[in-house]
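Below is one structure, written out as structure tokens, with a few remarks after it.
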Amino acid sequence: MRFIGNKERLVDWIYSEIKKNNIAGNLFFDFFSGTSNVGKYFKQRDYQIVSSDLLYFSYVLQKAYIENNNYPAFKNLLPKINIETDKLIADNYDLVIEYLNKINGIEGFIYKNYTPNTENNRKYFIPENGKKIDAIRIEIENWKSQNLINENEYYILLASLIESVPYFSNILGVYAAYKKDWDKRALKPFELKRINLLQSKQKHYVFNINSMELLNKFEYDIIYLDPPYNQRQYAPNYHLLETIAKYDNPKIKGISGMRNYDNQKSAFCNREKALNELEKIVLSKNYKYLLLSYNNEGIMPENEIIKIMEQTGKVTLKEYDYLRFKSNNNGEASKKKFIKEQLYILKRNNEDTHTQKVD
Ligand SMILES: C[S@@+](CC[C@H](N)C(=O)[O-])C[C@H]1O[C@@H](n2cnc3c(N)ncnc32)[C@H](O)[C@@H]1O
């Protein structure tokens, strides 16, 4: 999924640094989960994962990819639905996806508010696709309330919907605004796609809360931090995915039909607050290693980060030149730009080595 700060292309590098620096351990806390790509990567390498995010749609992805260890059988659902298909079907998951792809559209919340119609002119989806997203979302909820699907199956279907929606959204990358003209991708008929599920033998724990609240809940080997880098809050940029995931008929306002996000604001989008929160994490007791992904354009300055981290152990800073396309506000063509992706590695001293003993 396209997501600001998505670490999909950096996880290999992060993992190689973990190996090079002899960072051992099992329990990995993906503190800022987002797409859950980092958690997925480490789950596949046999770590036990704890993860959380303030965004509910991230929680949906975490439930499906991280917490869930099984392929869905849809045992209760399949006898109740009639699926006619001439497609090559791989398994029960495919059958259910095929069924949902064929249901009739419904003029629901997404159609009414995010497609151009008589009531508004928001162009996030073409009307047919808006109706289809509504119909699929409503059907998934109906199945859950009739106990036709279990919790895992519910989140797998919701995650399939969340992962599919961006392929048909008329946006430039985030949902803070829609495009004036229709993008080619938005004109295609909506198609729900399956997601790749991951199996593992370990039990994983996922949350939809401020991760600061989880600092003392487990004994972590590694806490991995990937905070927002600037003042831009995540919730308004992904408000539509949040609304599709929650489907809670929120009050919305403004040109983009934004939902309220007061309780999803991150302290890491403010320099002073971010440094304070970082210090609380560094001074917390239940971890061996703290890894922080950041970059040289972030709002927390390098020297301050190091000063805070050095309070509890030895800090190593690794850097990686990362090519990024930056669109230019003056309307010129987008420019190539190198930024330095950074990985701060803090190895926490043993409690005994820095606890002063007073006789
Ligand atoms: C840079 S993104 C993480 C990207 C993620 N590593 C990935 O690969 O997709 C930062 C994420 O942190 C979340 N966030 C910010 N502050 C948070 C907090 N205090 N607790 C939990 N999540 C938070 C945001 O909602 C956003 O999803």
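Residue numbering restarts at 1 in every chain; chains get A, B, ... in the order shown in the structure tokens, and ligands count up from 1 in that same order.
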Problem set entry | Which of range 146-336 of chain A fall in helix (DSSP H, G or I), as a PyMOL selection string | chain A and resi 151-168+184-187+211-214+234-237+239-246+262-264+267-269+271-283+302-309
Selection to disk with C-alpha atoms, as an mmCIF file, in the first residue's frame:
```
data_model
loop_
_atom_site.group_PDB
_atom_site.id
_atom_site.type_symbol
_atom_site.label_atom_id
_atom_site.label_comp_id
_atom_site.auth_asym_id
_atom_site.auth_seq_id
_atom_site.Cartn_x
_atom_site.Cartn_y
_atom_site.Cartn_z
ATOM 1 C CA GLU A 151 -13.136 -12.693 13.880
ATOM 2 C CA ASN A 152 -10.159 -13.710 11.718
ATOM 3 C CA GLU A 153 -12.302 -14.043 8.617
ATOM 4 C CA TYR A 154 -13.878 -10.658 9.319
ATOM 5 C CA TYR A 155 -10.535 -8.853 9.532
ATOM 6 C CA ILE A 156 -9.117 -10.704 6.523
ATOM 7 C CA LEU A 157 -12.043 -9.516 4.394
ATOM 8 C CA LEU A 158 -11.828 -5.975 5.758
ATOM 9 C CA ALA A 159 -8.075 -5.913 5.108
ATOM 10 C CA SER A 160 -8.705 -7.168 1.559
ATOM 11 C CA LEU A 161 -11.063 -4.212 1.068
ATOM 12 C CA ILE A 162 -8.640 -1.675 2.591
ATOM 13 C CA GLU A 163 -5.780 -2.960 0.422
ATOM 14 C CA SER A 164 -7.949 -2.878 -2.728
ATOM 15 C CA VAL A 165 -9.460 0.612 -2.356
ATOM 16 C CA PRO A 166 -6.274 2.633 -3.152
ATOM 17 C CA TYR A 167 -6.087 1.000 -6.608
ATOM 18 C CA PHE A 168 -9.379 2.721 -7.509
ATOM 19 C CA LYS A 184 -7.122 6.292 -15.168
ATOM 20 C CA ARG A 185 -6.930 3.994 -12.159
ATOM 21 C CA ALA A 186 -10.195 5.399 -10.738
ATOM 22 C CA LEU A 187 -12.155 4.650 -13.907
ATOM 23 C CA SER A 211 1.769 2.820 21.755
ATOM 24 C CA MET A 212 3.130 4.699 24.758
ATOM 25 C CA GLU A 213 0.539 2.759 26.761
ATOM 26 C CA LEU A 214 2.181 -0.520 25.780
ATOM 27 C CA TYR A 234 -1.536 10.814 9.467
ATOM 28 C CA ALA A 235 -5.267 10.619 10.268
ATOM 29 C CA PRO A 236 -6.437 13.426 7.910
ATOM 30 C CA ASN A 237 -4.307 12.058 5.092
ATOM 31 C CA HIS A 239 -9.449 9.678 6.531
ATOM 32 C CA LEU A 240 -11.311 7.767 3.839
ATOM 33 C CA LEU A 241 -9.582 4.442 4.564
ATOM 34 C CA GLU A 242 -10.392 5.042 8.214
ATOM 35 C CA THR A 243 -14.082 5.602 7.389
ATOM 36 C CA ILE A 244 -14.289 2.533 5.158
ATOM 37 C CA ALA A 245 -12.642 0.445 7.884
ATOM 38 C CA LYS A 246 -14.911 1.763 10.657
ATOM 39 C CA ASP A 262 -8.896 14.874 17.527
ATOM 40 C CA ASN A 263 -8.187 11.634 19.379
ATOM 41 C CA GLN A 264 -5.770 10.393 16.718
ATOM 42 C CA ALA A 267 2.682 13.887 19.688
ATOM 43 C CA PHE A 268 5.479 12.871 17.312
ATOM 44 C CA CYS A 269 4.315 15.539 14.848
ATOM 45 C CA ARG A 271 9.297 18.755 17.803
ATOM 46 C CA GLU A 272 9.213 19.362 21.572
ATOM 47 C CA LYS A 273 6.540 16.760 22.272
ATOM 48 C CA ALA A 274 8.305 14.214 20.079
ATOM 49 C CA LEU A 275 11.570 14.642 21.985
ATOM 50 C CA ASN A 276 9.682 14.289 25.275
ATOM 51 C CA GLU A 277 7.963 11.102 24.138
ATOM 52 C CA LEU A 278 11.246 9.707 22.829
ATOM 53 C CA GLU A 279 12.824 10.327 26.204
ATOM 54 C CA LYS A 280 9.977 8.502 27.970
ATOM 55 C CA ILE A 281 10.514 5.517 25.676
ATOM 56 C CA VAL A 282 14.289 5.558 26.148
ATOM 57 C CA LEU A 283 13.907 5.718 29.941
ATOM 58 C CA GLU A 302 20.139 14.308 15.338
ATOM 59 C CA ASN A 303 22.191 15.661 18.257
ATOM 60 C CA GLU A 304 19.101 15.800 20.499
ATOM 61 C CA ILE A 305 18.119 12.253 19.618
ATOM 62 C CA ILE A 306 21.594 10.987 20.423
ATOM 63 C CA LYS A 307 21.749 12.973 23.683
ATOM 64 C CA ILE A 308 18.463 11.440 24.821
ATOM 65 C CA MET A 309 19.410 7.919 23.822
#
```
Can you check which parts of chain A lie within 9 Å of ligand 1? Per residue, the shortest pair of atoms and distance in Å to one decimal, counting only C-alpha atoms and all ligand atoms, sorted by chain and number, as a Markdown table.
```
| residue | atom | partner | partner_atom_place_in_ligand_line | distance |
| --- | --- | --- | --- | --- |
| A:Met1 | CA | ligand 1 | 9 (O) | 8.3 |
| A:Arg2 | CA | ligand 1 | 9 (O) | 8.6 |
| A:Phe3 | CA | ligand 1 | 9 (O) | 6.3 |
| A:Ile4 | CA | ligand 1 | 1 (C) | 6.3 |
| A:Gly5 | CA | ligand 1 | 1 (C) | 4.1 |
| A:Asn6 | CA | ligand 1 | 8 (O) | 3.6 |
| A:Lys7 | CA | ligand 1 | 8 (O) | 3.8 |
| A:Glu8 | CA | ligand 1 | 8 (O) | 5.8 |
| A:Arg9 | CA | ligand 1 | 8 (O) | 8.8 |
| A:Leu10 | CA | ligand 1 | 8 (O) | 8.7 |
| A:Val11 | CA | ligand 1 | 8 (O) | 8.4 |
| A:Asp30 | CA | ligand 1 | 6 (N) | 7.6 |
| A:Phe31 | CA | ligand 1 | 21 (C) | 6.3 |
| A:Phe32 | CA | ligand 1 | 12 (O) | 3.9 |
| A:Ser33 | CA | ligand 1 | 5 (C) | 4.9 |
| A:Gly34 | CA | ligand 1 | 27 (O) | 3.6 |
| A:Thr35 | CA | ligand 1 | 9 (O) | 3.8 |
| A:Ser36 | CA | ligand 1 | 9 (O) | 5.5 |
| A:Asn37 | CA | ligand 1 | 8 (O) | 4.8 |
| A:Val38 | CA | ligand 1 | 8 (O) | 5.4 |
| A:Gly39 | CA | ligand 1 | 6 (N) | 8.3 |
| A:Ser51 | CA | ligand 1 | 21 (C) | 8.6 |
| A:Ser52 | CA | ligand 1 | 21 (C) | 5.6 |
| A:Asp53 | CA | ligand 1 | 22 (N) | 3.5 |
| A:Leu54 | CA | ligand 1 | 22 (N) | 4.4 |
| A:Leu55 | CA | ligand 1 | 25 (O) | 5.2 |
| A:Tyr56 | CA | ligand 1 | 25 (O) | 8.9 |
| A:Ser58 | CA | ligand 1 | 27 (O) | 6.9 |
| A:Phe207 | CA | ligand 1 | 21 (C) | 8.8 |
| A:Asn208 | CA | ligand 1 | 21 (C) | 7.4 |
| A:Ile209 | CA | ligand 1 | 21 (C) | 6.0 |
| A:Asn210 | CA | ligand 1 | 20 (N) | 3.6 |
| A:Ser211 | CA | ligand 1 | 20 (N) | 4.0 |
| A:Met212 | CA | ligand 1 | 19 (N) | 6.0 |
| A:Glu213 | CA | ligand 1 | 20 (N) | 8.4 |
| A:Tyr224 | CA | ligand 1 | 6 (N) | 8.8 |
| A:Leu225 | CA | ligand 1 | 6 (N) | 7.8 |
| A:Asp226 | CA | ligand 1 | 1 (C) | 5.0 |
| A:Pro227 | CA | ligand 1 | 10 (C) | 4.6 |
| A:Pro228 | CA | ligand 1 | 1 (C) | 4.5 |
| A:Tyr229 | CA | ligand 1 | 1 (C) | 6.9 |
| A:Gln233 | CA | ligand 1 | 24 (C) | 7.6 |
| A:Tyr234 | CA | ligand 1 | 25 (O) | 5.2 |
| A:Ala235 | CA | ligand 1 | 25 (O) | 6.5 |
| A:Gln264 | CA | ligand 1 | 25 (O) | 7.5 |
| A:Lys265 | CA | ligand 1 | 16 (N) | 7.1 |
| A:Ser266 | CA | ligand 1 | 16 (N) | 4.2 |
| A:Ala267 | CA | ligand 1 | 16 (N) | 6.4 |
| A:Phe268 | CA | ligand 1 | 16 (N) | 5.8 |
| A:Cys269 | CA | ligand 1 | 16 (N) | 7.8 |
| A:Glu277 | CA | ligand 1 | 19 (N) | 8.5 |
| A:Ser293 | CA | ligand 1 | 1 (C) | 8.5 |
| A:Tyr294 | CA | ligand 1 | 1 (C) | 8.6 |
```
For this session: For CA of Gly173 in chain A and CA of Lys318 in chain A, determine how far apart the two atoms are, in Å to one decimal place.
Result: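 Separation between CA of Gly173 in chain A and CA of Lys318 in chain A: 28.8 Å.
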Exercise. Looking at only C-alpha atoms, which of A:Val50, A:Ala24, A:Ile140, A:Ile18 is the one that sits closest to His204 in chain A?
Worked result: A:Val50
For this session: Have a look at A:Gln44, A:Asn286, A:Asn76, A:Asn22 and name the one nearest to Ile149 in chain A; count only C-alpha atoms.
Result: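 Under the stated criterion, the closest residue is A:Asn76.
Of the residues under consideration (A:Ile66, A:Leu346, A:Leu148, A:Ala177), A:Ala177 shows the shortest atom-to-atom contact distance to Met258 in chain A when counting only C-alpha atoms.
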Exercise. Tell me, which residues of range 95-232 of chain A carry DSSP strand (DSSP E), written as a list in words?
Worked result: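 DSSP-assigned strand (DSSP E) residues in range 95-232 of chain A: Tyr205, Val206, Phe207, Ile222, Ile223, Tyr224 and Leu225 of chain A.
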Deliver the residues from the most recent selection as a file, using all heavy atoms, as an mmCIF file, in the first residue's frame.
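Output contents, as saved in part.cif:
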```
data_model
loop_
_atom_site.group_PDB
_atom_site.id
_atom_site.type_symbol
_atom_site.label_atom_id
_atom_site.label_comp_id
_atom_site.auth_asym_id
_atom_site.auth_seq_id
_atom_site.Cartn_x
_atom_site.Cartn_y
_atom_site.Cartn_z
ATOM 1 N N TYR A 205 0.456 -10.006 19.163
ATOM 2 C CA TYR A 205 -0.527 -9.132 19.819
ATOM 3 C C TYR A 205 -0.609 -7.797 19.105
ATOM 4 O O TYR A 205 0.418 -7.141 18.906
ATOM 5 C CB TYR A 205 -0.113 -8.889 21.271
ATOM 6 C CG TYR A 205 -0.045 -10.159 22.088
ATOM 7 C CD1 TYR A 205 1.135 -10.915 22.142
ATOM 8 C CD2 TYR A 205 -1.156 -10.614 22.795
ATOM 9 C CE1 TYR A 205 1.205 -12.090 22.870
ATOM 10 C CE2 TYR A 205 -1.100 -11.786 23.530
ATOM 11 C CZ TYR A 205 0.086 -12.520 23.569
ATOM 12 O OH TYR A 205 0.142 -13.671 24.295
ATOM 13 N N VAL A 206 -1.817 -7.402 18.707
ATOM 14 C CA VAL A 206 -1.947 -6.138 17.974
ATOM 15 C C VAL A 206 -2.955 -5.217 18.672
ATOM 16 O O VAL A 206 -3.896 -5.689 19.317
ATOM 17 C CB VAL A 206 -2.353 -6.371 16.497
ATOM 18 C CG1 VAL A 206 -1.394 -7.322 15.814
ATOM 19 C CG2 VAL A 206 -3.784 -6.887 16.358
ATOM 20 N N PHE A 207 -2.729 -3.905 18.520
ATOM 21 C CA PHE A 207 -3.545 -2.927 19.242
ATOM 22 C C PHE A 207 -3.849 -1.710 18.373
ATOM 23 O O PHE A 207 -3.164 -1.449 17.387
ATOM 24 C CB PHE A 207 -2.796 -2.441 20.500
ATOM 25 C CG PHE A 207 -2.460 -3.547 21.456
ATOM 26 C CD1 PHE A 207 -1.271 -4.269 21.317
ATOM 27 C CD2 PHE A 207 -3.327 -3.888 22.485
ATOM 28 C CE1 PHE A 207 -0.951 -5.302 22.190
ATOM 29 C CE2 PHE A 207 -3.014 -4.922 23.369
ATOM 30 C CZ PHE A 207 -1.826 -5.631 23.221
ATOM 31 N N ILE A 222 13.315 -6.072 21.267
ATOM 32 C CA ILE A 222 13.565 -4.941 20.365
ATOM 33 C C ILE A 222 12.317 -4.066 20.305
ATOM 34 O O ILE A 222 11.207 -4.572 20.069
ATOM 35 C CB ILE A 222 13.863 -5.441 18.923
ATOM 36 C CG1 ILE A 222 15.098 -6.349 18.922
ATOM 37 C CG2 ILE A 222 14.048 -4.269 17.965
ATOM 38 C CD1 ILE A 222 15.342 -7.055 17.584
ATOM 39 N N ILE A 223 12.493 -2.768 20.532
ATOM 40 C CA ILE A 223 11.409 -1.835 20.227
ATOM 41 C C ILE A 223 11.826 -1.117 18.949
ATOM 42 O O ILE A 223 12.907 -0.521 18.889
ATOM 43 C CB ILE A 223 11.169 -0.803 21.342
ATOM 44 C CG1 ILE A 223 10.756 -1.495 22.648
ATOM 45 C CG2 ILE A 223 10.082 0.191 20.919
ATOM 46 C CD1 ILE A 223 10.438 -0.530 23.800
ATOM 47 N N TYR A 224 10.984 -1.192 17.933
ATOM 48 C CA TYR A 224 11.293 -0.528 16.662
ATOM 49 C C TYR A 224 10.396 0.696 16.522
ATOM 50 O O TYR A 224 9.163 0.590 16.541
ATOM 51 C CB TYR A 224 11.080 -1.484 15.478
ATOM 52 C CG TYR A 224 11.193 -0.763 14.149
ATOM 53 C CD1 TYR A 224 12.423 -0.278 13.710
ATOM 54 C CD2 TYR A 224 10.072 -0.526 13.361
ATOM 55 C CE1 TYR A 224 12.525 0.428 12.517
ATOM 56 C CE2 TYR A 224 10.159 0.168 12.168
ATOM 57 C CZ TYR A 224 11.390 0.644 11.755
ATOM 58 O OH TYR A 224 11.494 1.349 10.585
ATOM 59 N N LEU A 225 11.034 1.858 16.402
ATOM 60 C CA LEU A 225 10.289 3.119 16.294
ATOM 61 C C LEU A 225 10.377 3.665 14.875
ATOM 62 O O LEU A 225 11.483 3.816 14.342
ATOM 63 C CB LEU A 225 10.890 4.170 17.238
ATOM 64 C CG LEU A 225 11.001 3.819 18.718
ATOM 65 C CD1 LEU A 225 11.745 4.938 19.456
ATOM 66 C CD2 LEU A 225 9.618 3.625 19.330
#
```
Problem set entry | Selection: 12 Å around Asn113 in chain A, only C-alpha atoms, excl. self and same-chain fewer than 3 positions, as a PyMOL selection string | chain A and resi 107-110+116-127+130-131+134+240+243-244+249-259
Residues from the last selection, N, CA, C and O atoms, saved as a compact mmCIF listing (two decimals), in the first residue's frame:
```
# COMPACT_ATOMS: atom_id res chain seq x y z
N GLU A 107 -26.32 2.26 -2.63
CA GLU A 107 -26.07 3.70 -2.49
C GLU A 107 -25.89 4.03 -1.02
O GLU A 107 -26.80 4.51 -0.35
N GLY A 108 -24.72 3.73 -0.47
CA GLY A 108 -24.44 3.90 0.96
C GLY A 108 -23.58 5.14 1.22
O GLY A 108 -23.49 6.05 0.40
N PHE A 109 -22.91 5.12 2.38
CA PHE A 109 -22.18 6.30 2.85
C PHE A 109 -21.07 6.74 1.88
O PHE A 109 -20.87 7.93 1.65
N ILE A 110 -20.38 5.79 1.32
CA ILE A 110 -19.26 6.15 0.43
C ILE A 110 -19.81 6.72 -0.88
O ILE A 110 -19.35 7.76 -1.35
N PRO A 116 -19.24 11.83 -7.13
CA PRO A 116 -20.06 12.94 -7.59
C PRO A 116 -21.49 12.46 -7.85
O PRO A 116 -21.69 11.50 -8.59
N ASN A 117 -22.45 13.08 -7.17
CA ASN A 117 -23.86 12.74 -7.39
C ASN A 117 -24.68 13.98 -7.11
O ASN A 117 -24.12 15.08 -6.97
N THR A 118 -25.96 13.85 -6.96
CA THR A 118 -26.78 15.06 -6.83
C THR A 118 -26.49 15.81 -5.52
O THR A 118 -26.73 17.01 -5.43
N GLU A 119 -25.97 15.11 -4.50
CA GLU A 119 -25.77 15.77 -3.21
C GLU A 119 -24.41 16.43 -3.04
O GLU A 119 -24.25 17.38 -2.28
N ASN A 120 -23.39 15.90 -3.69
CA ASN A 120 -22.07 16.54 -3.56
C ASN A 120 -21.23 16.24 -4.80
O ASN A 120 -21.63 15.46 -5.66
N ASN A 121 -20.06 16.87 -4.82
CA ASN A 121 -19.26 16.73 -6.03
C ASN A 121 -17.88 16.13 -5.76
O ASN A 121 -16.96 16.33 -6.53
N ARG A 122 -17.74 15.44 -4.61
CA ARG A 122 -16.42 14.88 -4.29
C ARG A 122 -16.09 13.75 -5.26
O ARG A 122 -16.89 12.85 -5.46
N LYS A 123 -14.89 13.83 -5.80
CA LYS A 123 -14.54 12.86 -6.85
C LYS A 123 -13.49 11.87 -6.38
O LYS A 123 -12.44 11.73 -7.00
N TYR A 124 -13.73 11.19 -5.26
CA TYR A 124 -12.76 10.18 -4.81
C TYR A 124 -12.91 8.87 -5.58
O TYR A 124 -11.95 8.17 -5.81
N PHE A 125 -14.16 8.55 -5.89
CA PHE A 125 -14.45 7.31 -6.64
C PHE A 125 -15.49 7.62 -7.70
O PHE A 125 -16.32 8.52 -7.51
N ILE A 126 -15.50 6.83 -8.76
CA ILE A 126 -16.64 6.96 -9.68
C ILE A 126 -17.86 6.34 -8.98
O ILE A 126 -17.70 5.45 -8.11
N PRO A 127 -19.07 6.80 -9.30
CA PRO A 127 -20.26 6.35 -8.56
C PRO A 127 -20.40 4.82 -8.48
O PRO A 127 -20.68 4.28 -7.41
N GLY A 130 -18.07 3.54 -5.86
CA GLY A 130 -18.51 3.92 -4.52
C GLY A 130 -19.60 2.96 -4.05
O GLY A 130 -19.57 2.46 -2.91
N LYS A 131 -20.54 2.66 -4.93
CA LYS A 131 -21.65 1.74 -4.55
C LYS A 131 -21.11 0.35 -4.26
O LYS A 131 -21.59 -0.35 -3.37
N ASP A 134 -19.47 0.27 -0.86
CA ASP A 134 -20.52 0.23 0.16
C ASP A 134 -21.09 -1.18 0.29
O ASP A 134 -21.24 -1.70 1.40
N LEU A 240 -10.32 8.59 4.54
CA LEU A 240 -11.31 7.77 3.84
C LEU A 240 -11.09 6.27 4.10
O LEU A 240 -12.06 5.51 4.25
N THR A 243 -12.61 5.67 7.41
CA THR A 243 -14.08 5.60 7.39
C THR A 243 -14.57 4.30 6.76
O THR A 243 -15.55 3.71 7.23
N ILE A 244 -13.88 3.82 5.75
CA ILE A 244 -14.29 2.53 5.16
C ILE A 244 -14.05 1.41 6.17
O ILE A 244 -14.87 0.51 6.34
N ASN A 249 -20.59 5.93 9.84
CA ASN A 249 -21.37 7.13 9.48
C ASN A 249 -20.91 8.38 10.20
O ASN A 249 -21.71 9.04 10.88
N PRO A 250 -19.65 8.75 10.11
CA PRO A 250 -19.16 9.89 10.89
C PRO A 250 -19.70 11.21 10.35
O PRO A 250 -20.11 11.30 9.19
N LYS A 251 -19.67 12.23 11.23
CA LYS A 251 -19.93 13.60 10.74
C LYS A 251 -18.70 13.97 9.93
O LYS A 251 -17.57 13.78 10.39
N ILE A 252 -18.91 14.49 8.74
CA ILE A 252 -17.75 14.87 7.93
C ILE A 252 -17.89 16.32 7.51
O ILE A 252 -18.99 16.85 7.50
N LYS A 253 -16.73 16.94 7.18
CA LYS A 253 -16.85 18.34 6.76
C LYS A 253 -15.77 18.71 5.75
O LYS A 253 -14.78 17.98 5.58
N GLY A 254 -16.00 19.85 5.11
CA GLY A 254 -15.01 20.42 4.22
C GLY A 254 -15.05 19.81 2.82
O GLY A 254 -15.79 18.88 2.55
N ILE A 255 -14.19 20.37 1.97
CA ILE A 255 -14.16 19.95 0.57
C ILE A 255 -13.85 18.46 0.46
O ILE A 255 -14.37 17.76 -0.40
N SER A 256 -12.98 17.97 1.34
CA SER A 256 -12.59 16.56 1.20
C SER A 256 -13.46 15.61 2.03
O SER A 256 -13.24 14.40 2.01
N GLY A 257 -14.41 16.15 2.80
CA GLY A 257 -15.30 15.29 3.59
C GLY A 257 -14.55 14.58 4.71
O GLY A 257 -14.66 13.38 4.92
N MET A 258 -13.81 15.38 5.47
CA MET A 258 -12.92 14.84 6.52
C MET A 258 -13.69 14.48 7.78
O MET A 258 -14.59 15.22 8.18
N ARG A 259 -13.32 13.39 8.42
CA ARG A 259 -13.90 13.03 9.71
C ARG A 259 -13.06 13.68 10.82
O ARG A 259 -11.90 14.06 10.59
```
